[in-house]
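*Asks:* Sharing a structure with you now.
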Amino acid sequence: MLERLRSQRLLALFCAGLGLFNFPLLALWDRELTVFGLPLFPAALFALWALLIAALALILEGRDD
Amino acid sequence: MVAAPLVVGVAFAYLLLLFAVASFGDRRAAQSRSVIGNAWVYALSMAVYCSAWTYFGSVGRAASGGVWFLPIYLGPMLAMIVAWMLLRKMIRIARAYRITSIADFIASRYGKSQALAGLVTLITVVGLVPYIALQLKGIAVAYALMTQPAGAATATAAPWWADSTLYMALALAGFTIVFGARHLDSAERHEGMVAAIAFESVVKLLAFLAVGGFVVWGLFDGLGDLFARAQAVPELARLLTLGQGKAFAYEQWFALTILSGLSVLFLPRQFQVMVVENVDERHLKRAAWAFPLYLLLINLFVLPIALAGRLQFGAGANAEGFVLTLPLAAGQQALALLAFVGGLSAATGMVIVEAIAVSTMVCNDLVMPLLLRTRRFQAAAGSDLTGFLLGIRRAAIVAILLLGYLYYRLAGEAYALVGIGLISFAAVAQFAPAMLGGIWWKGGTRAGALAGLGAGFAIWIYTLLLPSFAKSGWLGPDFLAHGAFGLELLRPEALLGLKGLDYLTHSLFWSLLANAGLYVAVSLWRPPTARETSQALLFVDVFRRTASSNPVFWRGRARVADLLPLLGRFVGLGRAQALFDAHAQRRGLPHRDALPPDAQLVQFVETQLAGAIGSASARVMVASVVEEESLGLDDVMRILDEASQIRAYSQRLEQVTSELQQANEQLKSLDRLKDDFMSSVTHELRTPLTSIRALAELMRDDPEMAAEQRQEFIGIVVAETERLSRLVNQVLDMAKIESGHAEWHTADVDLKALAQQAAQTTRELFRERGAVLALELPEQLPALRADADRLMQVLLNLLSNAAKFVPREGGRVQLRLQGDAEGATVTVQDNGPGVPPEQRALIFEKFRQGGDALNRPQGTGLGLPISRQIVEHFGGRMGLRDDTAQGACFFFTLPWRPNNDGGKP
């Protein structure tokens, strides 16, 4: 039951990741801006990546409640 | 530059250190104190994914394409999200059936097919040759950059015997053999190697971060400064945008993501560290996010280093060497050496694991099946083949590295590192349909997998491998420009006229389309055979299988005397005997000689053999020593049914067992009670019997006895006999009530009259004890539906008990009768010693008597249980009040109209 919920969460996260890293969502970051001196596009890619890792860790390491 | 002997010395010192780590890991494993039984080590070992490609190639890619180095790491990120479902299933399957390579995995899934095992191995060997070449090239370039003065022409082509890269390849082969093919392990586990790989992962990450930190904060004034200066150069500013001035190639981005996602799952070295070397599948929980985190960290400084290199050296420089040339140019020789060691780590780690994995495949899935077919090999049947197996593996390792070197010489110059690596990735991606379909779709067949893999591989060769030769000048340029045989439709990078895709996406599209399409179509063409079905069931439903209900799809006759030597040939006789003993122990047998040669044993031997020589070869070897019946599809289904029934039975059995255990406990306790009762009853019986016998003997031996005395003795004998019959009657009475055979004469009973009668009957008893019986009766009570004689029995029992326990003088017993709307309550209160709390629950149980055994008054221990049975028969309740200050207070209640109306027999 809980295992099934975990699997569904992971699948949802996978779909989110696939969407975020591809067209057209990726095009949202194509602006000539800098954040804290960093160019927006590469910075956004790394930020999204870090976000996915955090979500994945949360889902997998969460208590088996 | 750094002196060449220093670089070589550092490199060898580092490899020796690595070897020390490995042998430490092996030693600890031998002591069962594994250093790799840890999720972090597991995650670090996965980072063998980061090879020279990551270390040198990514920077090169970033220097010319900006963020285009990233999809290769975003793919694994996405793959790791589903690792908990996908990888865990692979791990479970591999562990259950002792699968040691990806070729074995696919072959085993599709009916243990030797042809499939061979094809997968072939694809792997051919596909990975460019990848090995990439590592060799990476180290060669790094070495040249370190040892040659800046700006010198790099790597002028030396003749092969003078090429240091060849000797490096041989040295790497030597190291790989030391790491992975020193001895034969039937589980193909290499703890020391994993420890070394994890160590290497730490080294390469730290080295890369150190260089990155130095470049960003040493050469520049932080990231902001670096990016600001890069953006001042229009050419570099473009690198930081999405489209870089052109339309963004989304399809290529997507293809790279998918390609790397599949590769991280199906590359032989990843399969080796993630599946075969996995210690505990729960480690996946942490490794699945820690590994992507590692990838993120090692990629953090790729873009800054690439930009810094471009700013420093301009567009013409060799960007793949920036990690080394930036510190060297700044005079940081130590840092450059560290970076070199990091790159060496990345390349050697990949080569070692990949070569070990591929050598296992070559040995088990290519060479073994061929050897097993030859007569001469069959003839040499008796001998121990473990040494021979090791020999094959070592030769395979050397051959793979030499092939890598050959490719490096032939085609290494045409592509950048990343380009070479992608060719290998595309080959490995061909496993995806057969693998993913194999573990989630029961319908896939051997023919489908063969057709899919074959077609995918052929298209890969035609659209990626051959063009890579053509671009290096080993094939005529006409092949690329006009296609094979001059047919425009067959142009390898625009097959059937498909344009608009880059060469990689183009190849991936066609090969995977043909692969997946044929896999599904051919699988659906014919129904699967029995063997394919049985393997499909074992793989797809692996999470539903447990050791006890695992179906064994085998039928036939075997002999232990054949099976044991067979296993011994491939794993060594001593080890085979130990395995048999362990198996016997698991089945609850004392010794291996007691093992029955049944399907379970045959399967055990086959699984153990599969670990040593691959499942397809194991199948052939086992079939050669046993007589087996071929199974039909019906048989497979029946065996499966039986297995699931067995599972259902075993669950039911567990339930029944626990019920039986409870019942048994109850029975044991009853048995103890009966023993107590028996000793008590026999004691009770013996006392009167002894006196009867003694008196009778006296009268027999003394005919002169006075008549008076004789009369007195006879009186005692009669009284004792009455006591005996009473005891026997009570026992019988109890038995009757309990078994439901008692007779009940239900009528209207006047309880008040009954109480008075009982008092009358026991008056003499109380008088003898010098006790007083007080009655407290209401004026009027309704009639009660009950059996008057039985109720009398209850009242007399309570009163006589009270009489027994009151003190000799001054005893006082009160019999109280009350009525309310529900029914009547009778209370008998005495001023005796009372019942100790711990005995209160017991005295109503059969054969239990209050008081200690020595001092208690005579009784059978049946009075109270019988009384309670009678009261309960009429729907009432009997108990002992525990709120009295002194003495015991027994009570019982009876409803006016019992529900069953006393009608129960």
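Identifiers in the structure tokens: chain A, B, ... in order shown; residue index from 1 per chain; ligand index from 1 in order shown.
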B:Tyr110: which residues within 7 Å, counting only C-alpha atoms, same-chain residues fewer than 5 positions away excluded, as a list in words?
*Replies:*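 Non-adjacent residues within range: Thr445, Arg446, Glu532 and Gln535 of chain B.
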*Asks:* Only residues of chain A matter here; which ones have an atom within 7 Å of chain B, counting only C-alpha atoms? Give them as a PyMOL selection string.
*Replies:* chain A and resi 7+10-11+14+17+22-23+30+37-39+41-42+53+56-57+60-61
*Asks:* Could you write those residues out with N, CA and C atoms, as a compact mmCIF listing (two decimals), in the first residue's frame?
*Replies:*
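New file out10.txt:
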```
# COMPACT_ATOMS: atom_id res chain seq x y z
N SER A 7 5.78 4.44 -5.16
CA SER A 7 6.01 4.26 -6.59
C SER A 7 5.29 5.32 -7.40
N LEU A 10 7.13 8.55 -7.18
CA LEU A 10 8.35 8.53 -7.99
C LEU A 10 8.01 8.70 -9.47
N LEU A 11 6.95 8.04 -9.91
CA LEU A 11 6.56 8.18 -11.31
C LEU A 11 6.17 9.62 -11.62
N PHE A 14 9.21 11.64 -11.90
CA PHE A 14 9.88 11.34 -13.16
C PHE A 14 9.25 12.15 -14.30
N GLY A 17 10.23 15.71 -13.99
CA GLY A 17 11.61 15.93 -14.42
C GLY A 17 11.73 15.94 -15.93
N ASN A 22 12.81 19.53 -20.75
CA ASN A 22 12.62 19.47 -22.19
C ASN A 22 11.76 20.63 -22.69
N PHE A 23 11.60 20.65 -23.99
CA PHE A 23 10.76 21.65 -24.61
C PHE A 23 9.31 21.43 -24.19
N ASP A 30 15.22 30.91 -21.19
CA ASP A 30 16.09 31.49 -22.22
C ASP A 30 15.99 33.01 -22.20
N GLY A 37 24.87 37.38 -10.54
CA GLY A 37 26.02 37.35 -11.43
C GLY A 37 26.13 36.08 -12.26
N LEU A 38 25.19 35.14 -12.08
CA LEU A 38 25.24 33.92 -12.87
C LEU A 38 24.25 34.02 -14.01
N PRO A 39 24.63 33.56 -15.18
CA PRO A 39 23.70 33.57 -16.31
C PRO A 39 22.49 32.69 -15.98
N PHE A 41 20.23 30.81 -17.64
CA PHE A 41 19.93 29.47 -18.16
C PHE A 41 20.70 28.35 -17.46
N PRO A 42 22.05 28.43 -17.42
CA PRO A 42 22.76 27.37 -16.70
C PRO A 42 22.39 27.31 -15.22
N ILE A 53 16.69 16.42 -6.98
CA ILE A 53 17.42 15.55 -6.04
C ILE A 53 16.80 15.64 -4.66
N LEU A 56 13.55 13.81 -4.61
CA LEU A 56 13.79 12.36 -4.66
C LEU A 56 14.24 11.84 -3.30
N ALA A 57 15.14 12.60 -2.67
CA ALA A 57 15.62 12.19 -1.35
C ALA A 57 14.46 12.16 -0.36
N LEU A 60 12.28 9.08 -1.05
CA LEU A 60 12.89 7.78 -0.75
C LEU A 60 13.27 7.63 0.71
N GLU A 61 13.71 8.73 1.32
CA GLU A 61 14.19 8.60 2.70
C GLU A 61 13.10 8.87 3.72
```
*Asks:* Kindly indicate which residue among B:Ile392, B:Leu122, B:Met1, B:Leu498 lies nearest to B:Phe457, using only C-alpha atoms for the distances.
*Replies:*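 Using only C-alpha atoms, the shortest distance to B:Phe457 belongs to B:Leu122.
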*Asks:* What gap, in Å, lies between atom CA of B:Leu660 and atom CA of B:Lys674?
*Replies:* 20.0 Å
*Asks:* Would you mind telling me which residue in A:Arg31, A:Glu3, A:Cys15, A:Leu20 lies nearest to A:Leu45 when using only C-alpha atoms?
*Replies:* A:Leu20
*Asks:* Could you list, as a ChimeraX atom specification, every residue within 9 Å of B:Ala173, counting only C-alpha atoms and ignoring same-chain residues fewer than 3 positions away?
*Replies:* /B:168-170,176-178,351-352,355,394,397-402
*Asks:* Could you list, as a compact mmCIF listing (two decimals) with C-alpha atoms, in the first residue's frame, every residue within 9 Å of stretch 615-630 of chain B, counting only C-alpha atoms and ignoring same-chain residues fewer than 4 positions away?
*Replies:*
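Output saved as result_35.txt:
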```txt
# COMPACT_ATOMS: atom_id res chain seq x y z
CA TYR B 97 18.73 -16.44 -10.24
CA ARG B 98 22.42 -15.64 -9.75
CA ILE B 99 22.69 -13.50 -12.84
CA ASP B 104 23.01 -13.36 -18.86
CA PHE B 105 20.05 -11.31 -17.71
CA ALA B 107 19.40 -14.58 -22.17
CA SER B 108 17.95 -15.96 -18.97
CA GLY B 111 14.36 -18.98 -22.04
CA LYS B 112 18.11 -19.19 -21.27
CA SER B 113 18.99 -18.73 -24.89
CA GLN B 114 22.62 -19.15 -25.86
CA ALA B 115 22.07 -17.30 -29.11
CA ALA B 117 23.52 -14.35 -24.72
CA ASN B 364 30.19 -17.13 -20.00
CA ASP B 365 28.14 -16.16 -22.98
CA MET B 368 31.68 -21.24 -23.02
CA PRO B 369 28.74 -22.03 -25.31
CA LEU B 372 30.48 -26.77 -24.87
CA ALA B 530 6.94 -23.20 -22.24
CA TRP B 554 11.64 -28.86 -14.24
CA ARG B 555 10.65 -32.47 -14.47
CA GLY B 556 12.79 -35.52 -14.99
CA ARG B 557 15.28 -37.79 -13.34
CA ALA B 558 18.68 -36.94 -11.90
CA ARG B 559 21.35 -38.39 -9.66
CA ASP B 562 26.12 -36.62 -11.41
CA LEU B 563 25.14 -33.20 -10.13
CA LEU B 566 29.23 -31.21 -12.45
CA VAL B 602 18.49 -29.72 -10.01
CA VAL B 605 22.71 -26.79 -9.11
CA GLU B 606 21.64 -24.95 -12.24
CA THR B 607 21.39 -21.64 -10.40
CA GLN B 608 24.81 -22.11 -8.81
CA LEU B 609 26.29 -23.03 -12.17
CA ALA B 610 24.63 -19.99 -13.72
CA GLY B 611 26.64 -17.84 -11.34
```
*Asks:* Considering only C-alpha atoms, return as a VMD selection string whatever protein or nucleic-acid residues lie within 6 Å of stretch 512-529 of chain B, sequence-local ones (same chain, fewer than 3 positions apart) excluded.
*Replies:* chain B and resid 433 444 to 445 448 to 449 451 to 453 455 to 456 508 to 509 532
*Asks:* Hey, can you spit out that residue selection with N, CA and C atoms as a PDB file, in the first residue's frame?
*Replies:*
```pdb
ATOM      1  N   PRO B 433      14.791  -2.158 -25.052  1.00  0.00           N
ATOM      2  CA  PRO B 433      13.516  -2.850 -25.272  1.00  0.00           C
ATOM      3  C   PRO B 433      13.488  -4.250 -24.662  1.00  0.00           C
ATOM      4  N   GLY B 444       7.035 -11.039 -24.168  1.00  0.00           N
ATOM      5  CA  GLY B 444       8.245 -10.975 -24.995  1.00  0.00           C
ATOM      6  C   GLY B 444       8.839 -12.362 -25.207  1.00  0.00           C
ATOM      7  N   THR B 445       9.273 -12.646 -26.427  1.00  0.00           N
ATOM      8  CA  THR B 445       9.844 -13.973 -26.691  1.00  0.00           C
ATOM      9  C   THR B 445      11.288 -13.857 -27.151  1.00  0.00           C
ATOM     10  N   GLY B 448      11.590 -12.534 -30.624  1.00  0.00           N
ATOM     11  CA  GLY B 448      11.381 -11.084 -30.639  1.00  0.00           C
ATOM     12  C   GLY B 448      12.621 -10.347 -30.181  1.00  0.00           C
ATOM     13  N   ALA B 449      13.217 -10.823 -29.088  1.00  0.00           N
ATOM     14  CA  ALA B 449      14.411 -10.155 -28.564  1.00  0.00           C
ATOM     15  C   ALA B 449      15.559 -10.258 -29.560  1.00  0.00           C
ATOM     16  N   ALA B 451      15.354 -10.635 -32.836  1.00  0.00           N
ATOM     17  CA  ALA B 451      15.086  -9.793 -34.002  1.00  0.00           C
ATOM     18  C   ALA B 451      15.325  -8.328 -33.671  1.00  0.00           C
ATOM     19  N   GLY B 452      14.803  -7.888 -32.517  1.00  0.00           N
ATOM     20  CA  GLY B 452      14.941  -6.488 -32.129  1.00  0.00           C
ATOM     21  C   GLY B 452      16.397  -6.106 -31.943  1.00  0.00           C
ATOM     22  N   LEU B 453      17.104  -6.911 -31.135  1.00  0.00           N
ATOM     23  CA  LEU B 453      18.512  -6.602 -30.867  1.00  0.00           C
ATOM     24  C   LEU B 453      19.338  -6.646 -32.148  1.00  0.00           C
ATOM     25  N   ALA B 455      18.386  -6.204 -35.290  1.00  0.00           N
ATOM     26  CA  ALA B 455      18.109  -5.081 -36.180  1.00  0.00           C
ATOM     27  C   ALA B 455      18.702  -3.787 -35.628  1.00  0.00           C
ATOM     28  N   GLY B 456      18.507  -3.573 -34.329  1.00  0.00           N
ATOM     29  CA  GLY B 456      19.027  -2.362 -33.704  1.00  0.00           C
ATOM     30  C   GLY B 456      20.539  -2.279 -33.848  1.00  0.00           C
ATOM     31  N   LEU B 508      19.935   6.915 -33.356  1.00  0.00           N
ATOM     32  CA  LEU B 508      19.181   6.428 -32.204  1.00  0.00           C
ATOM     33  C   LEU B 508      17.728   6.191 -32.589  1.00  0.00           C
ATOM     34  N   PHE B 509      17.186   7.129 -33.363  1.00  0.00           N
ATOM     35  CA  PHE B 509      15.783   7.006 -33.756  1.00  0.00           C
ATOM     36  C   PHE B 509      15.564   5.732 -34.563  1.00  0.00           C
ATOM     37  N   GLU B 532      10.073 -20.102 -22.328  1.00  0.00           N
ATOM     38  CA  GLU B 532       9.982 -18.634 -22.316  1.00  0.00           C
ATOM     39  C   GLU B 532       8.937 -18.171 -21.312  1.00  0.00           C
TER      40      GLU B 532
END
```
*Asks:* Excluding B:Leu765 and any residue of its chain fewer than 6 positions from it, enumerate the residues within 10 Å of it, using only C-alpha atoms, and give them as a VMD selection string.
*Replies:* chain B and resid 759 771 799 to 800 803 to 804
*Asks:* Hey, what does DSSP flag as strand (DSSP E) within stretch 749-868 of chain B? Can you give it to me as a list in words?
*Replies:* Val749, Ala771, Val772, Leu773, Ala774, Leu775, Glu776, Leu784, Arg785, Ala786, Gly811, Arg812, Val813, Gln814, Leu815, Arg816, Leu817, Gln818, Gly819, Gly823, Ala824, Thr825, Val826, Thr827, Val828, Gln829 and Asp830 of chain B
*Asks:* Can you list, as a list of chain:residue names, every protein, DNA or RNA residue that comes within 12 Å of B:Glu738 when you count only C-alpha atoms, leaving out same-chain residues fewer than 3 positions away?
*Replies:* B:Val731, B:Leu732, B:Asp733, B:Met734, B:Ala735, B:His741, B:Ala742, B:Glu743, B:Lys846, B:Pro865, B:Ile866, B:Ser867, B:Arg868, B:Gln869, B:Ile870, B:Glu872, B:His873, B:Pro905
*Asks:* Next, dump the selected residues to file, keeping only N, CA and C atoms, as a PDB file, in the first residue's frame.
*Replies:*
```
ATOM      1  N   VAL B 731     -18.021 -37.124  40.171  1.00  0.00           N
ATOM      2  CA  VAL B 731     -17.216 -37.159  38.955  1.00  0.00           C
ATOM      3  C   VAL B 731     -18.103 -37.468  37.752  1.00  0.00           C
ATOM      4  N   LEU B 732     -18.982 -38.444  37.927  1.00  0.00           N
ATOM      5  CA  LEU B 732     -19.897 -38.799  36.846  1.00  0.00           C
ATOM      6  C   LEU B 732     -20.818 -37.640  36.509  1.00  0.00           C
ATOM      7  N   ASP B 733     -21.303 -36.979  37.552  1.00  0.00           N
ATOM      8  CA  ASP B 733     -22.201 -35.852  37.378  1.00  0.00           C
ATOM      9  C   ASP B 733     -21.566 -34.769  36.516  1.00  0.00           C
ATOM     10  N   MET B 734     -20.341 -34.448  36.903  1.00  0.00           N
ATOM     11  CA  MET B 734     -19.595 -33.429  36.174  1.00  0.00           C
ATOM     12  C   MET B 734     -19.447 -33.819  34.701  1.00  0.00           C
ATOM     13  N   ALA B 735     -19.078 -35.070  34.518  1.00  0.00           N
ATOM     14  CA  ALA B 735     -18.874 -35.545  33.156  1.00  0.00           C
ATOM     15  C   ALA B 735     -20.156 -35.422  32.352  1.00  0.00           C
ATOM     16  N   HIS B 741     -25.129 -34.512  28.619  1.00  0.00           N
ATOM     17  CA  HIS B 741     -26.047 -35.640  28.739  1.00  0.00           C
ATOM     18  C   HIS B 741     -26.838 -35.614  30.044  1.00  0.00           C
ATOM     19  N   ALA B 742     -26.664 -34.554  30.826  1.00  0.00           N
ATOM     20  CA  ALA B 742     -27.367 -34.505  32.104  1.00  0.00           C
ATOM     21  C   ALA B 742     -28.877 -34.338  31.869  1.00  0.00           C
ATOM     22  N   GLU B 743     -29.675 -34.854  32.804  1.00  0.00           N
ATOM     23  CA  GLU B 743     -31.128 -34.666  32.676  1.00  0.00           C
ATOM     24  C   GLU B 743     -31.543 -33.471  33.503  1.00  0.00           C
ATOM     25  N   LYS B 846     -12.231 -26.773  37.324  1.00  0.00           N
ATOM     26  CA  LYS B 846     -12.367 -28.153  37.780  1.00  0.00           C
ATOM     27  C   LYS B 846     -11.103 -28.604  38.480  1.00  0.00           C
ATOM     28  N   PRO B 865     -17.193 -26.135  40.522  1.00  0.00           N
ATOM     29  CA  PRO B 865     -17.367 -26.190  39.066  1.00  0.00           C
ATOM     30  C   PRO B 865     -18.736 -26.740  38.668  1.00  0.00           C
ATOM     31  N   ILE B 866     -19.210 -27.779  39.362  1.00  0.00           N
ATOM     32  CA  ILE B 866     -20.524 -28.334  39.031  1.00  0.00           C
ATOM     33  C   ILE B 866     -21.597 -27.277  39.280  1.00  0.00           C
ATOM     34  N   SER B 867     -21.503 -26.586  40.433  1.00  0.00           N
ATOM     35  CA  SER B 867     -22.491 -25.561  40.772  1.00  0.00           C
ATOM     36  C   SER B 867     -22.528 -24.478  39.692  1.00  0.00           C
ATOM     37  N   ARG B 868     -21.332 -24.049  39.293  1.00  0.00           N
ATOM     38  CA  ARG B 868     -21.292 -22.979  38.306  1.00  0.00           C
ATOM     39  C   ARG B 868     -21.920 -23.442  36.984  1.00  0.00           C
ATOM     40  N   GLN B 869     -21.657 -24.691  36.630  1.00  0.00           N
ATOM     41  CA  GLN B 869     -22.244 -25.224  35.393  1.00  0.00           C
ATOM     42  C   GLN B 869     -23.765 -25.204  35.486  1.00  0.00           C
ATOM     43  N   ILE B 870     -24.284 -25.578  36.644  1.00  0.00           N
ATOM     44  CA  ILE B 870     -25.743 -25.623  36.807  1.00  0.00           C
ATOM     45  C   ILE B 870     -26.333 -24.219  36.684  1.00  0.00           C
ATOM     46  N   GLU B 872     -25.054 -21.605  35.289  1.00  0.00           N
ATOM     47  CA  GLU B 872     -24.940 -21.087  33.927  1.00  0.00           C
ATOM     48  C   GLU B 872     -25.918 -21.769  32.986  1.00  0.00           C
ATOM     49  N   HIS B 873     -26.250 -22.993  33.285  1.00  0.00           N
ATOM     50  CA  HIS B 873     -27.226 -23.690  32.449  1.00  0.00           C
ATOM     51  C   HIS B 873     -28.566 -22.946  32.460  1.00  0.00           C
ATOM     52  N   PRO B 905     -30.965 -29.885  26.696  1.00  0.00           N
ATOM     53  CA  PRO B 905     -30.888 -31.215  27.312  1.00  0.00           C
ATOM     54  C   PRO B 905     -29.758 -31.276  28.321  1.00  0.00           C
TER      55      PRO B 905
END
```
*Asks:* Using the chain letters and numbers from this document, which residues of stretch 216-276 of chain B does DSSP assign to alpha helix (DSSP H), as a ChimeraX atom specification?
*Replies:* /B:222-232,234-239,250-266,268-271
*Asks:* Dump C-alpha atoms for the selected residues as a PDB file, in the first residue's frame?
*Replies:*
```pdb
ATOM      1  CA  GLY B 222      34.698  34.458  -8.139  1.00  0.00           C
ATOM      2  CA  LEU B 223      31.943  33.150 -10.365  1.00  0.00           C
ATOM      3  CA  GLY B 224      30.416  36.597 -10.949  1.00  0.00           C
ATOM      4  CA  ASP B 225      33.682  37.969 -12.264  1.00  0.00           C
ATOM      5  CA  LEU B 226      34.277  34.946 -14.466  1.00  0.00           C
ATOM      6  CA  PHE B 227      30.833  35.058 -16.053  1.00  0.00           C
ATOM      7  CA  ALA B 228      30.932  38.821 -16.446  1.00  0.00           C
ATOM      8  CA  ARG B 229      34.213  38.589 -18.351  1.00  0.00           C
ATOM      9  CA  ALA B 230      32.905  35.730 -20.449  1.00  0.00           C
ATOM     10  CA  GLN B 231      29.777  37.643 -21.331  1.00  0.00           C
ATOM     11  CA  ALA B 232      31.904  40.555 -22.497  1.00  0.00           C
ATOM     12  CA  PRO B 234      30.172  37.870 -27.725  1.00  0.00           C
ATOM     13  CA  GLU B 235      31.323  34.452 -28.806  1.00  0.00           C
ATOM     14  CA  LEU B 236      31.321  33.162 -25.191  1.00  0.00           C
ATOM     15  CA  ALA B 237      28.186  35.051 -24.196  1.00  0.00           C
ATOM     16  CA  ARG B 238      26.372  33.046 -26.856  1.00  0.00           C
ATOM     17  CA  LEU B 239      27.465  29.802 -25.183  1.00  0.00           C
ATOM     18  CA  TYR B 250      15.308  20.063 -28.697  1.00  0.00           C
ATOM     19  CA  GLU B 251      15.128  16.671 -30.335  1.00  0.00           C
ATOM     20  CA  GLN B 252      18.852  16.214 -29.848  1.00  0.00           C
ATOM     21  CA  TRP B 253      18.614  17.401 -26.258  1.00  0.00           C
ATOM     22  CA  PHE B 254      15.803  14.933 -25.651  1.00  0.00           C
ATOM     23  CA  ALA B 255      17.652  12.118 -27.430  1.00  0.00           C
ATOM     24  CA  LEU B 256      20.769  12.722 -25.329  1.00  0.00           C
ATOM     25  CA  THR B 257      18.728  12.674 -22.134  1.00  0.00           C
ATOM     26  CA  ILE B 258      17.025   9.414 -23.044  1.00  0.00           C
ATOM     27  CA  LEU B 259      20.268   7.906 -24.311  1.00  0.00           C
ATOM     28  CA  SER B 260      22.208   8.646 -21.154  1.00  0.00           C
ATOM     29  CA  GLY B 261      19.270   7.609 -18.974  1.00  0.00           C
ATOM     30  CA  LEU B 262      19.227   4.211 -20.646  1.00  0.00           C
ATOM     31  CA  SER B 263      23.015   3.917 -20.604  1.00  0.00           C
ATOM     32  CA  VAL B 264      23.289   4.522 -16.896  1.00  0.00           C
ATOM     33  CA  LEU B 265      21.025   1.519 -16.402  1.00  0.00           C
ATOM     34  CA  PHE B 266      22.370  -0.826 -19.036  1.00  0.00           C
ATOM     35  CA  PRO B 268      27.858  -3.317 -18.332  1.00  0.00           C
ATOM     36  CA  ARG B 269      29.931  -1.504 -15.699  1.00  0.00           C
ATOM     37  CA  GLN B 270      26.829   0.146 -14.243  1.00  0.00           C
ATOM     38  CA  PHE B 271      25.062  -3.214 -14.210  1.00  0.00           C
TER      39      PHE B 271
END
```
